[in-house]
Amino acid sequence: MSELLEQLRLRRKQLGLKQADMLLRAGISRQQYQHIESKGNPRLETLELVAKGLKSELMLVPQDKLLAVKAFLESKGDIAISQDKRSLPEDPWQGMLGDET
């Protein structure tokens, strides 16, 4: 369970959210969410709300496929990050006002 709780915390931070933000995103107070991240034993329904609030999905992965799934997700993350860096122009405002310079 602790690995799942750590994943929730990391995902929240990736999205730039504070624990208090979960009230609007998942209908869970800061105190409730803090309890989940720290030592909680949330119900499945609560986990589904939290996952939705973090723009994520809960999924059962067969143990014999777990390493392959983790490797795939890590490699896709690297690809997405490198593509984002390549697609951003040096000046994001360039061309916004018709000034193609």
# chains A, B, ... in the order shown; residues from 1 in each chain; ligands from 1

$ residues_around --residues "Glu57 of chain A" --least-positions-apart "5" --cutoff "8 Å" --atoms "only C-alpha atoms" --output "ChimeraX atom specification"
/A:48,51-52

$ write_last_selection --atoms "C-alpha atoms" --output "tab-separated table (two decimals), in the first residue's frame"
chain	number	residue	atom	x	y	z
A	48	GLU	CA	-11.10	6.18	-7.54
A	51	ALA	CA	-7.20	9.05	-9.11
A	52	LYS	CA	-9.77	11.00	-11.11

$ atom_distance --atom1 "atom CA of Ile36 of chain A" --atom2 "atom CA of Lys13 of chain A"
14.9 Å

$ atom_distance --atom1 "atom CA of Ala26 of chain A" --atom2 "atom CA of Leu47 of chain A"
9.7 Å

$ residues_around --residues "segment 28-32 of chain A" --least-positions-apart "6" --cutoff "10 Å" --atoms "only C-alpha atoms" --output "ChimeraX atom specification"
/A:18-22,40,42,46,49-50,53

$ write_last_selection --atoms "C-alpha atoms" --output "short mmCIF file (atom, residue, chain, number, x, y, z; two decimals), in the first residue's frame"
data_model
loop_
_atom_site.label_atom_id
_atom_site.label_comp_id
_atom_site.auth_asym_id
_atom_site.auth_seq_id
_atom_site.Cartn_x
_atom_site.Cartn_y
_atom_site.Cartn_z
CA LYS A 18 -1.26 21.05 -2.98
CA GLN A 19 -3.14 18.70 -0.69
CA ALA A 20 -5.77 21.42 -0.22
CA ASP A 21 -6.42 21.38 -3.99
CA MET A 22 -7.92 17.91 -3.66
CA GLY A 40 -4.27 5.95 5.01
CA PRO A 42 -8.57 4.33 1.74
CA THR A 46 -12.02 6.99 -2.33
CA LEU A 49 -12.03 9.76 -6.61
CA VAL A 50 -8.41 10.62 -5.86
CA GLY A 53 -8.73 14.20 -9.32
#

$ closest_residue --among "A:Ala68, A:Tyr33, A:Leu73, A:Arg43" --to "Leu8 of chain A" --atoms "only C-alpha atoms"
A:Tyr33

$ residues_around --residues "Arg11 of chain A" --least-positions-apart "3" --cutoff "10 Å" --atoms "only C-alpha atoms" --output "list in words"
Leu5, Glu6, Gln7, Leu8, Gln14, Leu15, Gly16, Leu17, Ala51, Leu54, Lys55 and Ser56 of chain A

$ write_last_selection --atoms "all heavy atoms" --output "CSV table (one decimal), in the first residue's frame"
chain,number,residue,atom,x,y,z
A,5,LEU,N,0.5,4.8,-2.2
A,5,LEU,CA,0.4,6.1,-1.5
A,5,LEU,C,1.5,7.1,-2.0
A,5,LEU,O,1.3,8.3,-2.2
A,5,LEU,CB,0.4,6.0,0.0
A,5,LEU,CG,-0.7,5.1,0.6
A,5,LEU,CD1,-0.6,5.0,2.1
A,5,LEU,CD2,-2.1,5.6,0.1
A,6,GLU,N,2.7,6.5,-2.2
A,6,GLU,CA,3.8,7.4,-2.7
A,6,GLU,C,3.5,7.8,-4.1
A,6,GLU,O,3.8,8.9,-4.5
A,6,GLU,CB,5.1,6.6,-2.6
A,6,GLU,CG,6.3,7.3,-3.1
A,6,GLU,CD,6.7,8.5,-2.3
A,6,GLU,OE1,6.2,8.7,-1.2
A,6,GLU,OE2,7.5,9.4,-2.8
A,7,GLN,N,3.0,6.9,-4.9
A,7,GLN,CA,2.6,7.3,-6.3
A,7,GLN,C,1.6,8.4,-6.3
A,7,GLN,O,1.7,9.3,-7.2
A,7,GLN,CB,2.1,6.1,-7.0
A,7,GLN,CG,3.1,5.1,-7.4
A,7,GLN,CD,2.6,3.9,-8.1
A,7,GLN,OE1,1.4,3.9,-8.6
A,7,GLN,NE2,3.3,2.8,-8.2
A,8,LEU,N,0.6,8.4,-5.4
A,8,LEU,CA,-0.4,9.4,-5.3
A,8,LEU,C,0.3,10.8,-5.0
A,8,LEU,O,0.0,11.8,-5.6
A,8,LEU,CB,-1.4,9.1,-4.2
A,8,LEU,CG,-2.4,8.0,-4.5
A,8,LEU,CD1,-3.3,7.7,-3.3
A,8,LEU,CD2,-3.2,8.2,-5.8
A,14,GLN,N,3.6,16.3,-9.4
A,14,GLN,CA,3.8,16.5,-10.8
A,14,GLN,C,2.8,17.4,-11.4
A,14,GLN,O,3.2,18.2,-12.3
A,14,GLN,CB,3.7,15.1,-11.5
A,14,GLN,CG,4.9,14.2,-11.4
A,14,GLN,CD,4.6,12.8,-12.1
A,14,GLN,OE1,3.5,12.5,-12.3
A,14,GLN,NE2,5.7,12.1,-12.3
A,15,LEU,N,1.6,17.4,-10.9
A,15,LEU,CA,0.6,18.3,-11.4
A,15,LEU,C,0.6,19.7,-10.8
A,15,LEU,O,-0.1,20.5,-11.1
A,15,LEU,CB,-0.8,17.7,-11.2
A,15,LEU,CG,-1.1,16.4,-12.0
A,15,LEU,CD1,-2.4,15.8,-11.5
A,15,LEU,CD2,-1.1,16.7,-13.5
A,16,GLY,N,1.6,19.8,-9.8
A,16,GLY,CA,1.7,21.1,-9.2
A,16,GLY,C,0.6,21.4,-8.2
A,16,GLY,O,0.3,22.6,-8.0
A,17,LEU,N,0.0,20.4,-7.6
A,17,LEU,CA,-1.1,20.6,-6.7
A,17,LEU,C,-0.7,20.5,-5.3
A,17,LEU,O,0.3,19.8,-4.9
A,17,LEU,CB,-2.2,19.5,-7.0
A,17,LEU,CG,-2.7,19.5,-8.4
A,17,LEU,CD1,-3.6,18.2,-8.6
A,17,LEU,CD2,-3.5,20.7,-8.7
A,51,ALA,N,-7.8,9.3,-7.8
A,51,ALA,CA,-7.2,9.0,-9.1
A,51,ALA,C,-7.8,10.0,-10.2
A,51,ALA,O,-7.1,10.6,-10.9
A,51,ALA,CB,-7.4,7.6,-9.5
A,54,LEU,N,-6.5,13.4,-9.9
A,54,LEU,CA,-5.1,13.5,-10.3
A,54,LEU,C,-4.9,13.1,-11.8
A,54,LEU,O,-3.8,12.9,-12.2
A,54,LEU,CB,-4.2,12.5,-9.4
A,54,LEU,CG,-4.2,12.9,-7.9
A,54,LEU,CD1,-3.4,11.8,-7.2
A,54,LEU,CD2,-3.5,14.3,-7.7
A,55,LYS,N,-6.1,13.1,-12.5
A,55,LYS,CA,-6.1,12.7,-13.9
A,55,LYS,C,-5.3,11.4,-14.2
A,55,LYS,O,-4.4,11.3,-15.0
A,55,LYS,CB,-5.4,13.9,-14.7
A,55,LYS,CG,-6.2,15.2,-14.7
A,55,LYS,CD,-5.6,16.2,-15.5
A,55,LYS,CE,-6.4,17.5,-15.5
A,55,LYS,NZ,-5.8,18.6,-16.2
A,56,SER,N,-5.7,10.4,-13.4
A,56,SER,CA,-5.1,9.1,-13.4
A,56,SER,C,-6.2,8.0,-13.4
A,56,SER,O,-7.3,8.3,-13.2
A,56,SER,CB,-4.1,8.9,-12.2
A,56,SER,OG,-3.1,9.9,-12.3
